[in-house]
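Shown next: entry17.csv, given as CSV, C-alpha atoms.
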chain,number,residue,atom,x,y,z
A,71,MET,CA,-7.5,33.8,-24.4
A,72,THR,CA,-11.1,32.4,-24.2
A,73,ASP,CA,-11.1,32.1,-28.0
A,74,GLU,CA,-8.3,29.6,-27.9
A,75,PRO,CA,-9.5,26.0,-28.4
A,76,ILE,CA,-8.6,23.3,-25.9
A,77,ARG,CA,-5.8,21.3,-27.5
A,78,VAL,CA,-6.4,17.6,-26.8
A,79,LEU,CA,-3.8,15.0,-27.3
A,80,LEU,CA,-5.1,11.4,-27.7
A,81,ALA,CA,-3.1,8.5,-26.5
A,82,ASP,CA,-4.4,5.0,-27.1
A,83,ASP,CA,-3.0,1.9,-28.9
A,84,GLN,CA,-6.4,1.0,-30.5
A,85,PRO,CA,-6.7,2.7,-33.9
A,86,LEU,CA,-10.5,2.6,-33.9
A,87,LEU,CA,-10.8,4.3,-30.6
A,88,LEU,CA,-8.2,6.9,-31.6
A,89,ALA,CA,-10.2,7.7,-34.8
A,90,SER,CA,-13.5,7.9,-33.0
A,91,PHE,CA,-12.1,10.2,-30.3
A,92,ALA,CA,-10.4,12.4,-32.9
A,93,THR,CA,-13.6,12.7,-34.9
A,94,LEU,CA,-15.7,13.7,-31.8
A,95,ILE,CA,-13.2,16.3,-30.6
A,96,ALA,CA,-12.6,17.8,-34.1
A,97,ALA,CA,-16.3,18.3,-34.5
A,98,THR,CA,-16.7,20.0,-31.1
A,99,ALA,CA,-16.6,23.8,-30.9
A,100,GLY,CA,-13.9,25.0,-28.6
A,101,MET,CA,-11.7,21.9,-29.0
A,102,CYS,CA,-9.1,20.6,-31.5
A,103,VAL,CA,-6.9,17.6,-31.8
A,104,ALA,CA,-3.3,18.4,-30.9
A,105,GLY,CA,-2.1,15.0,-32.0
A,106,THR,CA,-2.5,11.2,-31.6
A,107,ALA,CA,-0.2,8.7,-30.0
A,108,ARG,CA,-0.1,4.9,-30.0
A,109,THR,CA,2.5,4.5,-27.2
A,110,GLY,CA,3.3,6.3,-23.9
A,111,THR,CA,6.6,7.4,-25.4
A,112,GLU,CA,4.8,9.1,-28.3
A,113,ALA,CA,2.4,10.7,-25.9
A,114,VAL,CA,5.2,12.3,-23.8
A,115,ALA,CA,7.0,13.6,-26.9
A,116,LEU,CA,3.8,15.0,-28.4
A,117,ALA,CA,2.7,16.6,-25.1
A,118,ARG,CA,5.9,18.6,-25.3
A,119,ALA,CA,5.9,19.3,-29.1
A,120,ALA,CA,2.2,19.9,-29.7
A,121,ARG,CA,1.4,22.3,-26.8
A,122,ALA,CA,-1.3,20.1,-25.6
A,123,ASP,CA,-3.7,21.3,-22.9
A,124,VAL,CA,-5.3,18.0,-22.0
A,125,VAL,CA,-4.0,14.4,-22.7
A,126,LEU,CA,-6.5,11.6,-22.9
A,127,MET,CA,-4.3,8.8,-21.7
A,128,ASP,CA,-5.0,5.1,-22.0
A,129,ILE,CA,-3.3,3.0,-19.3
A,130,ARG,CA,-2.2,-0.1,-21.2
A,131,MET,CA,0.0,0.9,-24.1
A,132,PRO,CA,3.3,-0.6,-25.5
A,133,GLU,CA,6.8,0.7,-24.9
A,134,LEU,CA,5.7,3.0,-22.0
A,135,ASP,CA,2.4,2.5,-20.3
A,136,GLY,CA,0.1,5.4,-19.5
A,137,LEU,CA,1.1,5.6,-15.8
A,138,ALA,CA,4.7,6.0,-16.6
A,139,ALA,CA,3.9,8.5,-19.3
A,140,THR,CA,1.7,10.5,-16.9
A,141,ARG,CA,4.5,10.7,-14.3
A,142,LEU,CA,6.9,12.0,-17.0
A,143,ILE,CA,4.4,14.7,-18.1
A,144,THR,CA,3.3,15.9,-14.7
A,145,ALA,CA,7.0,16.0,-13.4
A,146,ASP,CA,8.1,18.2,-16.3
A,147,GLU,CA,8.1,21.8,-15.2
A,148,ASP,CA,7.7,22.9,-18.9
A,149,LEU,CA,4.4,21.0,-19.0
A,150,ALA,CA,3.0,22.4,-15.8
A,151,GLY,CA,-0.2,23.4,-17.6
A,152,VAL,CA,-0.9,20.1,-19.2
A,153,ARG,CA,-3.7,18.0,-17.6
A,154,VAL,CA,-3.9,14.2,-17.9
A,155,LEU,CA,-7.3,12.5,-18.0
A,156,ILE,CA,-6.9,8.7,-17.7
A,157,LEU,CA,-9.2,6.5,-19.8
A,158,THR,CA,-9.9,3.1,-18.3
A,159,THR,CA,-11.8,0.0,-19.4
A,160,PHE,CA,-13.4,-0.2,-15.9
A,161,GLU,CA,-14.1,2.9,-13.8
A,162,ILE,CA,-12.9,1.1,-10.7
A,163,ASP,CA,-9.4,0.0,-11.9
A,164,GLU,CA,-6.5,-1.1,-9.7
A,165,TYR,CA,-4.3,1.2,-11.6
A,166,VAL,CA,-6.3,4.4,-11.2
A,167,PHE,CA,-5.0,5.1,-7.7
A,168,ALA,CA,-1.5,4.9,-9.0
A,169,ALA,CA,-2.6,7.2,-11.9
A,170,LEU,CA,-3.9,9.9,-9.4
A,171,ARG,CA,-0.6,9.6,-7.4
A,172,SER,CA,1.2,10.1,-10.7
A,173,GLY,CA,-0.5,13.4,-11.2
A,174,ALA,CA,-3.4,12.6,-13.3
A,175,SER,CA,-6.4,15.0,-12.9
A,176,GLY,CA,-9.0,12.3,-13.0
A,177,PHE,CA,-10.3,9.2,-14.8
A,178,LEU,CA,-13.1,8.2,-17.0
A,179,GLY,CA,-14.4,4.9,-18.2
A,180,LYS,CA,-14.1,4.2,-21.9
A,181,SER,CA,-17.8,3.3,-22.0
A,182,ALA,CA,-18.7,7.0,-21.1
A,183,GLU,CA,-21.1,8.8,-23.4
A,184,PRO,CA,-19.6,11.4,-25.8
A,185,ALA,CA,-21.1,14.2,-23.8
A,186,GLU,CA,-19.4,12.9,-20.7
A,187,LEU,CA,-16.1,12.7,-22.4
A,188,LEU,CA,-16.3,16.3,-23.6
A,189,HIS,CA,-17.5,17.5,-20.2
A,190,ALA,CA,-14.5,15.7,-18.6
A,191,ILE,CA,-12.1,17.4,-20.9
A,192,ARG,CA,-13.5,20.8,-20.0
A,193,VAL,CA,-13.4,20.0,-16.3
A,194,VAL,CA,-9.7,19.0,-16.2
A,195,HIS,CA,-8.8,21.8,-18.5
A,196,ARG,CA,-10.0,24.5,-16.1
A,197,GLY,CA,-7.9,22.9,-13.3
A,198,ASP,CA,-10.5,20.9,-11.5
A,199,ALA,CA,-10.3,17.2,-10.8
A,200,LEU,CA,-12.7,14.7,-12.4
A,201,LEU,CA,-13.5,12.4,-9.6
A,202,THR,CA,-16.7,10.4,-9.1
A,203,PRO,CA,-16.8,10.6,-5.3
A,204,ALA,CA,-18.2,7.1,-4.6
A,205,ALA,CA,-15.9,5.5,-7.2
A,206,THR,CA,-12.9,7.3,-5.8
A,207,ARG,CA,-13.6,6.4,-2.2
A,208,SER,CA,-14.1,2.8,-3.1
A,209,LEU,CA,-10.9,2.7,-5.2
A,210,ILE,CA,-8.8,4.3,-2.4
A,211,ALA,CA,-10.4,2.0,0.2
A,212,ARG,CA,-9.3,-1.0,-1.9
A,213,TYR,CA,-5.8,0.4,-2.2
A,214,LEU,CA,-5.4,1.1,1.5
A,215,ALA,CA,-6.6,-2.4,2.4
A,216,ARG,CA,-3.7,-4.0,0.5
A,217,PRO,CA,-0.9,-5.1,2.9
A,218,GLU,CA,1.8,-4.5,0.3
A,219,ARG,CA,1.1,-0.9,-0.2
A,220,SER,CA,3.9,1.6,0.2
A,221,GLY,CA,4.7,5.3,-0.2
A,222,GLU,CA,2.3,6.6,2.4
A,223,ILE,CA,3.1,10.1,3.7
A,224,PRO,CA,3.6,10.8,7.4
A,225,ALA,CA,0.9,12.6,9.2
A,226,HIS,CA,3.3,15.4,10.2
A,227,ARG,CA,3.3,16.5,6.6
A,228,LEU,CA,-0.1,18.1,7.4
A,229,THR,CA,1.2,20.2,10.4
A,230,GLY,CA,1.7,23.3,8.2
A,231,LEU,CA,-2.0,23.4,7.5
A,232,THR,CA,-4.4,25.6,9.6
A,233,GLU,CA,-7.3,24.0,11.3
A,234,ARG,CA,-9.7,25.3,8.7
A,235,GLU,CA,-7.5,24.0,5.8
A,236,ARG,CA,-7.5,20.5,7.4
A,237,GLU,CA,-11.2,20.7,7.7
A,238,VAL,CA,-11.6,21.7,4.1
A,239,LEU,CA,-9.1,19.0,3.0
A,240,THR,CA,-11.2,16.4,4.8
A,241,LEU,CA,-14.4,17.5,3.0
A,242,VAL,CA,-12.6,17.6,-0.4
A,243,ALA,CA,-11.4,14.0,0.2
A,244,SER,CA,-15.0,13.0,1.2
A,245,GLY,CA,-16.1,13.9,-2.3
A,246,LEU,CA,-17.8,17.3,-1.7
A,247,SER,CA,-17.7,20.0,-4.3
A,248,ASN,CA,-16.7,23.6,-3.5
A,249,SER,CA,-20.3,24.7,-3.2
A,250,ASP,CA,-21.1,21.7,-0.9
A,251,ILE,CA,-18.1,22.6,1.3
A,252,ALA,CA,-19.2,26.3,1.3
A,253,ALA,CA,-22.7,25.4,2.5
A,254,HIS,CA,-21.4,22.9,5.1
A,255,LEU,CA,-19.0,25.4,6.6
A,256,THR,CA,-21.1,28.6,6.0
A,257,LEU,CA,-18.3,30.1,3.8
A,258,SER,CA,-18.4,31.7,0.4
A,259,PRO,CA,-17.3,29.5,-2.6
A,260,HIS,CA,-14.5,31.9,-3.2
A,261,THR,CA,-13.1,31.5,0.3
A,262,VAL,CA,-13.3,27.7,0.0
A,263,LYS,CA,-11.4,27.9,-3.3
A,264,THR,CA,-8.7,30.0,-1.6
A,265,HIS,CA,-8.3,27.5,1.2
A,266,ILE,CA,-8.0,24.6,-1.3
A,267,ASN,CA,-5.4,26.5,-3.3
A,268,ARG,CA,-3.4,27.3,-0.2
A,269,THR,CA,-3.6,23.7,0.9
A,270,MET,CA,-2.4,22.5,-2.6
A,271,MET,CA,0.5,24.9,-2.4
A,272,LYS,CA,1.5,23.8,1.1
A,273,LEU,CA,1.3,20.1,0.3
A,274,GLY,CA,2.8,20.4,-3.2
A,275,ALA,CA,-0.3,18.8,-4.7
A,276,HIS,CA,-0.7,19.0,-8.5
A,277,ASP,CA,-4.5,19.4,-8.3
A,278,ARG,CA,-7.6,18.4,-6.3
A,279,ALA,CA,-7.2,14.7,-7.2
A,280,GLN,CA,-3.8,14.6,-5.4
A,281,LEU,CA,-5.3,16.3,-2.4
A,282,VAL,CA,-7.7,13.3,-2.1
A,283,VAL,CA,-4.8,10.9,-2.3
A,284,LEU,CA,-2.8,12.9,0.3
A,285,ALA,CA,-5.7,13.0,2.7
A,286,TYR,CA,-6.0,9.3,2.7
A,287,GLU,CA,-2.3,8.5,2.7
A,288,SER,CA,-1.7,10.8,5.7
A,289,GLY,CA,-4.6,9.1,7.6
A,290,LEU,CA,-6.5,12.4,7.9
A,291,ILE,CA,-9.5,10.6,6.4
A,292,ARG,CA,-10.1,6.9,6.2
A,293,PRO,CA,-12.5,4.7,4.2
A,294,GLY,CA,-16.0,5.2,5.6
A,295,GLY,CA,-15.3,8.6,7.2
A,296,ALA,CA,-12.8,11.0,8.6
A,297,GLY,CA,-9.8,9.8,10.5
Show the structure stored in the file as structure tokens.
Amino acid sequence: MTDEPIRVLLADDQPLLLASFATLIAATAGMCVAGTARTGTEAVALARAARADVVLMDIRMPELDGLAATRLITADEDLAGVRVLILTTFEIDEYVFAALRSGASGFLGKSAEPAELLHAIRVVHRGDALLTPAATRSLIARYLARPERSGEIPAHRLTGLTEREREVLTLVASGLSNSDIAAHLTLSPHTVKTHINRTMMKLGAHDRAQLVVLAYESGLIRPGGAG
């Protein structure tokens, strides 16, 4: 199983970017290009047909944008193992919060170095969320400050969590890594991971990224600190 390369699907409407990403991934040990798509519609179809592990998804594409394509992929039970990494022109992008709510596992600026992109693919492939803590908190703070926002979840959604799980969720949403949380709570990293997995299961979260969103939407944590 460890010998299987990470199958990466590339979705972007700019041919030069597609070609450069494809060249980079094809030349990287442990990865291969599962396909390339110029529209969101093609990305969804190829995710199903090409057995992709990770989709590098541009937001702005014709026919079906990257957000809608991400929602279709993450809502498909047959594609439960597919992770979506959103590529943005700006790391702080008004669409990124919607992307995380749609089930994306993280986001990365298109200006990232090749090594950063390859690292991001590996991170989301192993089931972790790629979140720059400061950027994510700033992004969610901007979203929560908008009067027209909708879709928040009620606080009682969290009543099924234990006190420890709520504590761990707060620290996850604050941008701490598992090792940071373990040190803060004097727990083993394995125990922290178990708490996070149980919390994800109880809340129906796709991954760590959605836990951050849920923590903010429920009011458990607010911009600038815990709620």
Show which residues sit within 10 Å of stretch 267-270 of chain A, as a list of chain:residue names. Count all atoms listed in the file, and ignore same-chain residues fewer than 2 positions away.
A:Leu228, A:Gly230, A:Leu231, A:Thr232, A:Glu235, A:Arg236, A:Val238, A:Leu239, A:Thr261, A:Val262, A:Lys263, A:Thr264, A:His265, A:Lys272, A:Leu273, A:Gly274, A:Ala275, A:His276, A:Asp277, A:Arg278, A:Gln280, A:Leu281
Written file, previous selection with C-alpha atoms, as a PDB file, in the coordinates of the input:
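As written to disk, again23.pdb reads:
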ATOM      1  CA  LEU A 228      -0.100  18.100   7.400  1.00  0.00           C
ATOM      2  CA  GLY A 230       1.700  23.300   8.200  1.00  0.00           C
ATOM      3  CA  LEU A 231      -2.000  23.400   7.500  1.00  0.00           C
ATOM      4  CA  THR A 232      -4.400  25.600   9.600  1.00  0.00           C
ATOM      5  CA  GLU A 235      -7.500  24.000   5.800  1.00  0.00           C
ATOM      6  CA  ARG A 236      -7.500  20.500   7.400  1.00  0.00           C
ATOM      7  CA  VAL A 238     -11.600  21.700   4.100  1.00  0.00           C
ATOM      8  CA  LEU A 239      -9.100  19.000   3.000  1.00  0.00           C
ATOM      9  CA  THR A 261     -13.100  31.500   0.300  1.00  0.00           C
ATOM     10  CA  VAL A 262     -13.300  27.700   0.000  1.00  0.00           C
ATOM     11  CA  LYS A 263     -11.400  27.900  -3.300  1.00  0.00           C
ATOM     12  CA  THR A 264      -8.700  30.000  -1.600  1.00  0.00           C
ATOM     13  CA  HIS A 265      -8.300  27.500   1.200  1.00  0.00           C
ATOM     14  CA  LYS A 272       1.500  23.800   1.100  1.00  0.00           C
ATOM     15  CA  LEU A 273       1.300  20.100   0.300  1.00  0.00           C
ATOM     16  CA  GLY A 274       2.800  20.400  -3.200  1.00  0.00           C
ATOM     17  CA  ALA A 275      -0.300  18.800  -4.700  1.00  0.00           C
ATOM     18  CA  HIS A 276      -0.700  19.000  -8.500  1.00  0.00           C
ATOM     19  CA  ASP A 277      -4.500  19.400  -8.300  1.00  0.00           C
ATOM     20  CA  ARG A 278      -7.600  18.400  -6.300  1.00  0.00           C
ATOM     21  CA  GLN A 280      -3.800  14.600  -5.400  1.00  0.00           C
ATOM     22  CA  LEU A 281      -5.300  16.300  -2.400  1.00  0.00           C
TER      23      LEU A 281
END
Quiz item: Between A:Val78, A:Arg121, A:Arg130, A:Ala243, which has the minimum distance to A:Leu187 (counting only C-alpha atoms)?
Solution: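 Checking each candidate against A:Leu187, we get A:Val78 as the closest.
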Go through stretch 121-196 of chain A residue by residue and, counting all atoms listed in the file, keep those with an atom at most 10 Å from stretch 94-108 of chain A; for each kept residue give the shortest atom pair and its distance in Å to one decimal, ordered by chain and increasing number, as a Markdown table.
| residue | atom | partner | partner_atom | distance |
| --- | --- | --- | --- | --- |
| A:Arg121 | CA | A:Ala104 | CA | 7.4 |
| A:Ala122 | CA | A:Ala104 | CA | 5.9 |
| A:Asp123 | CA | A:Ala104 | CA | 8.5 |
| A:Val124 | CA | A:Ala104 | CA | 9.1 |
| A:Val125 | CA | A:Ala104 | CA | 9.2 |
| A:Leu126 | CA | A:Thr106 | CA | 9.6 |
| A:Met127 | CA | A:Ala107 | CA | 9.3 |
| A:Asp128 | CA | A:Arg108 | CA | 9.4 |
| A:Met131 | CA | A:Arg108 | CA | 7.1 |
| A:Pro132 | CA | A:Arg108 | CA | 7.9 |
| A:Glu133 | CA | A:Arg108 | CA | 9.6 |
| A:Pro184 | CA | A:Leu94 | CA | 7.5 |
| A:Ala185 | CA | A:Leu94 | CA | 9.7 |
| A:Leu187 | CA | A:Ile95 | CA | 9.4 |
| A:Leu188 | CA | A:Ile95 | CA | 7.7 |
| A:Ile191 | CA | A:Met101 | CA | 9.3 |
| A:Arg192 | CA | A:Met101 | CA | 9.2 |
- Within-9 Å shell of (-12.2, 7.7, -18.6) in input frame, all atoms listed in the file, as a list in words: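 Using all atoms listed in the file, the matching residues come out as Leu126, Met127, Asp128, Leu155, Ile156, Leu157, Thr158, Thr159, Phe160, Glu161, Gly176, Phe177, Leu178, Gly179, Lys180, Ser181, Ala182, Leu187 and Ala190 of chain A.
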Using all atoms listed in the file, the shortest atom-to-atom distance to A:Ala285 among A:Thr240, A:Ser175, A:Thr256, A:Asn248 belongs to A:Thr240
Practice prompt. Go ahead and compute the interatomic distance for atom CA of A:Ser244 and atom CA of A:Ser288, in Å to one decimal.
Written response: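 Taking atom CA of A:Ser244 and atom CA of A:Ser288, their separation equals 14.2 Å.
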Judged by all atoms listed in the file, the minimum distance to A:Ala150 among A:Ala253, A:Ile129, A:Ala169, A:Ala117 is found for A:Ala117
**Report entry** Atomic separation - atom CA of A:Leu137 relative to atom CA of A:Ala174, Å
**Finding:**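 Atom CA of A:Ala174 sits 8.7 Å away from atom CA of A:Leu137.
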Exercise for the section: Please measure the separation of atom CA of A:Leu290 and atom CA of A:Leu170, giving the value in Å to one decimal. Expected result: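 About the pair atom CA of A:Leu290 and atom CA of A:Leu170: they are 17.7 Å apart.
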Reconstructed all heavy atoms for stretch 166-177 of chain A, given as a PDB file, in the coordinates of the input:
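Saved file result.pdb follows:
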ATOM      1  N   VAL A 166      -5.914   2.982 -11.208  1.00  0.00           N
ATOM      2  CA  VAL A 166      -6.300   4.400 -11.200  1.00  0.00           C
ATOM      3  C   VAL A 166      -5.741   5.113  -9.975  1.00  0.00           C
ATOM      4  O   VAL A 166      -5.354   6.275 -10.082  1.00  0.00           O
ATOM      5  CB  VAL A 166      -7.868   4.494 -11.172  1.00  0.00           C
ATOM      6  CG1 VAL A 166      -8.300   5.932 -10.948  1.00  0.00           C
ATOM      7  CG2 VAL A 166      -8.414   3.986 -12.499  1.00  0.00           C
ATOM      8  N   PHE A 167      -5.636   4.462  -8.822  1.00  0.00           N
ATOM      9  CA  PHE A 167      -5.000   5.100  -7.700  1.00  0.00           C
ATOM     10  C   PHE A 167      -3.603   5.528  -7.999  1.00  0.00           C
ATOM     11  O   PHE A 167      -3.179   6.651  -7.709  1.00  0.00           O
ATOM     12  CB  PHE A 167      -5.044   4.204  -6.448  1.00  0.00           C
ATOM     13  CG  PHE A 167      -4.580   4.895  -5.199  1.00  0.00           C
ATOM     14  CD1 PHE A 167      -5.488   5.558  -4.389  1.00  0.00           C
ATOM     15  CD2 PHE A 167      -3.244   4.904  -4.847  1.00  0.00           C
ATOM     16  CE1 PHE A 167      -5.058   6.220  -3.241  1.00  0.00           C
ATOM     17  CE2 PHE A 167      -2.805   5.560  -3.704  1.00  0.00           C
ATOM     18  CZ  PHE A 167      -3.720   6.220  -2.903  1.00  0.00           C
ATOM     19  N   ALA A 168      -2.871   4.617  -8.641  1.00  0.00           N
ATOM     20  CA  ALA A 168      -1.500   4.900  -9.000  1.00  0.00           C
ATOM     21  C   ALA A 168      -1.494   6.098 -10.024  1.00  0.00           C
ATOM     22  O   ALA A 168      -0.588   6.932 -10.015  1.00  0.00           O
ATOM     23  CB  ALA A 168      -0.823   3.711  -9.643  1.00  0.00           C
ATOM     24  N   ALA A 169      -2.514   6.152 -10.873  1.00  0.00           N
ATOM     25  CA  ALA A 169      -2.600   7.200 -11.900  1.00  0.00           C
ATOM     26  C   ALA A 169      -2.785   8.582 -11.148  1.00  0.00           C
ATOM     27  O   ALA A 169      -2.152   9.583 -11.503  1.00  0.00           O
ATOM     28  CB  ALA A 169      -3.740   6.988 -12.822  1.00  0.00           C
ATOM     29  N   LEU A 170      -3.640   8.616 -10.134  1.00  0.00           N
ATOM     30  CA  LEU A 170      -3.900   9.900  -9.400  1.00  0.00           C
ATOM     31  C   LEU A 170      -2.590  10.262  -8.647  1.00  0.00           C
ATOM     32  O   LEU A 170      -2.235  11.432  -8.588  1.00  0.00           O
ATOM     33  CB  LEU A 170      -5.022   9.689  -8.419  1.00  0.00           C
ATOM     34  CG  LEU A 170      -6.389   9.448  -9.049  1.00  0.00           C
ATOM     35  CD1 LEU A 170      -7.441   9.258  -7.960  1.00  0.00           C
ATOM     36  CD2 LEU A 170      -6.784  10.592  -9.968  1.00  0.00           C
ATOM     37  N   ARG A 171      -1.887   9.287  -8.081  1.00  0.00           N
ATOM     38  CA  ARG A 171      -0.600   9.600  -7.400  1.00  0.00           C
ATOM     39  C   ARG A 171       0.411  10.087  -8.408  1.00  0.00           C
ATOM     40  O   ARG A 171       1.311  10.849  -8.052  1.00  0.00           O
ATOM     41  CB  ARG A 171      -0.086   8.355  -6.684  1.00  0.00           C
ATOM     42  CG  ARG A 171      -0.904   7.910  -5.485  1.00  0.00           C
ATOM     43  CD  ARG A 171      -0.210   6.808  -4.726  1.00  0.00           C
ATOM     44  NE  ARG A 171       1.020   7.299  -4.118  1.00  0.00           N
ATOM     45  CZ  ARG A 171       2.003   6.497  -3.710  1.00  0.00           C
ATOM     46  NH1 ARG A 171       1.922   5.199  -3.876  1.00  0.00           N
ATOM     47  NH2 ARG A 171       3.082   7.002  -3.139  1.00  0.00           N
ATOM     48  N   SER A 172       0.294   9.650  -9.640  1.00  0.00           N
ATOM     49  CA  SER A 172       1.200  10.100 -10.700  1.00  0.00           C
ATOM     50  C   SER A 172       0.980  11.481 -11.164  1.00  0.00           C
ATOM     51  O   SER A 172       1.778  12.032 -11.915  1.00  0.00           O
ATOM     52  CB  SER A 172       1.186   9.092 -11.864  1.00  0.00           C
ATOM     53  OG  SER A 172       1.543   7.792 -11.465  1.00  0.00           O
ATOM     54  N   GLY A 173      -0.159  12.045 -10.772  1.00  0.00           N
ATOM     55  CA  GLY A 173      -0.500  13.400 -11.200  1.00  0.00           C
ATOM     56  C   GLY A 173      -1.611  13.574 -12.133  1.00  0.00           C
ATOM     57  O   GLY A 173      -1.887  14.681 -12.579  1.00  0.00           O
ATOM     58  N   ALA A 174      -2.288  12.474 -12.457  1.00  0.00           N
ATOM     59  CA  ALA A 174      -3.400  12.600 -13.300  1.00  0.00           C
ATOM     60  C   ALA A 174      -4.536  13.406 -12.659  1.00  0.00           C
ATOM     61  O   ALA A 174      -4.668  13.391 -11.440  1.00  0.00           O
ATOM     62  CB  ALA A 174      -3.984  11.191 -13.686  1.00  0.00           C
ATOM     63  N   SER A 175      -5.300  14.130 -13.467  1.00  0.00           N
ATOM     64  CA  SER A 175      -6.400  15.000 -12.900  1.00  0.00           C
ATOM     65  C   SER A 175      -7.685  14.274 -12.766  1.00  0.00           C
ATOM     66  O   SER A 175      -8.662  14.863 -12.308  1.00  0.00           O
ATOM     67  CB  SER A 175      -6.542  16.224 -13.803  1.00  0.00           C
ATOM     68  OG  SER A 175      -5.406  17.053 -13.739  1.00  0.00           O
ATOM     69  N   GLY A 176      -7.748  13.020 -13.156  1.00  0.00           N
ATOM     70  CA  GLY A 176      -9.000  12.300 -13.000  1.00  0.00           C
ATOM     71  C   GLY A 176      -9.019  11.072 -13.929  1.00  0.00           C
ATOM     72  O   GLY A 176      -8.047  10.768 -14.622  1.00  0.00           O
ATOM     73  N   PHE A 177     -10.142  10.389 -13.910  1.00  0.00           N
ATOM     74  CA  PHE A 177     -10.300   9.200 -14.800  1.00  0.00           C
ATOM     75  C   PHE A 177     -11.700   9.068 -15.246  1.00  0.00           C
ATOM     76  O   PHE A 177     -12.637   9.583 -14.634  1.00  0.00           O
ATOM     77  CB  PHE A 177      -9.831   7.942 -14.010  1.00  0.00           C
ATOM     78  CG  PHE A 177     -10.598   7.664 -12.733  1.00  0.00           C
ATOM     79  CD1 PHE A 177     -11.698   6.822 -12.736  1.00  0.00           C
ATOM     80  CD2 PHE A 177     -10.189   8.232 -11.541  1.00  0.00           C
ATOM     81  CE1 PHE A 177     -12.394   6.563 -11.572  1.00  0.00           C
ATOM     82  CE2 PHE A 177     -10.887   7.973 -10.354  1.00  0.00           C
ATOM     83  CZ  PHE A 177     -11.983   7.140 -10.378  1.00  0.00           C
TER      84      PHE A 177
END
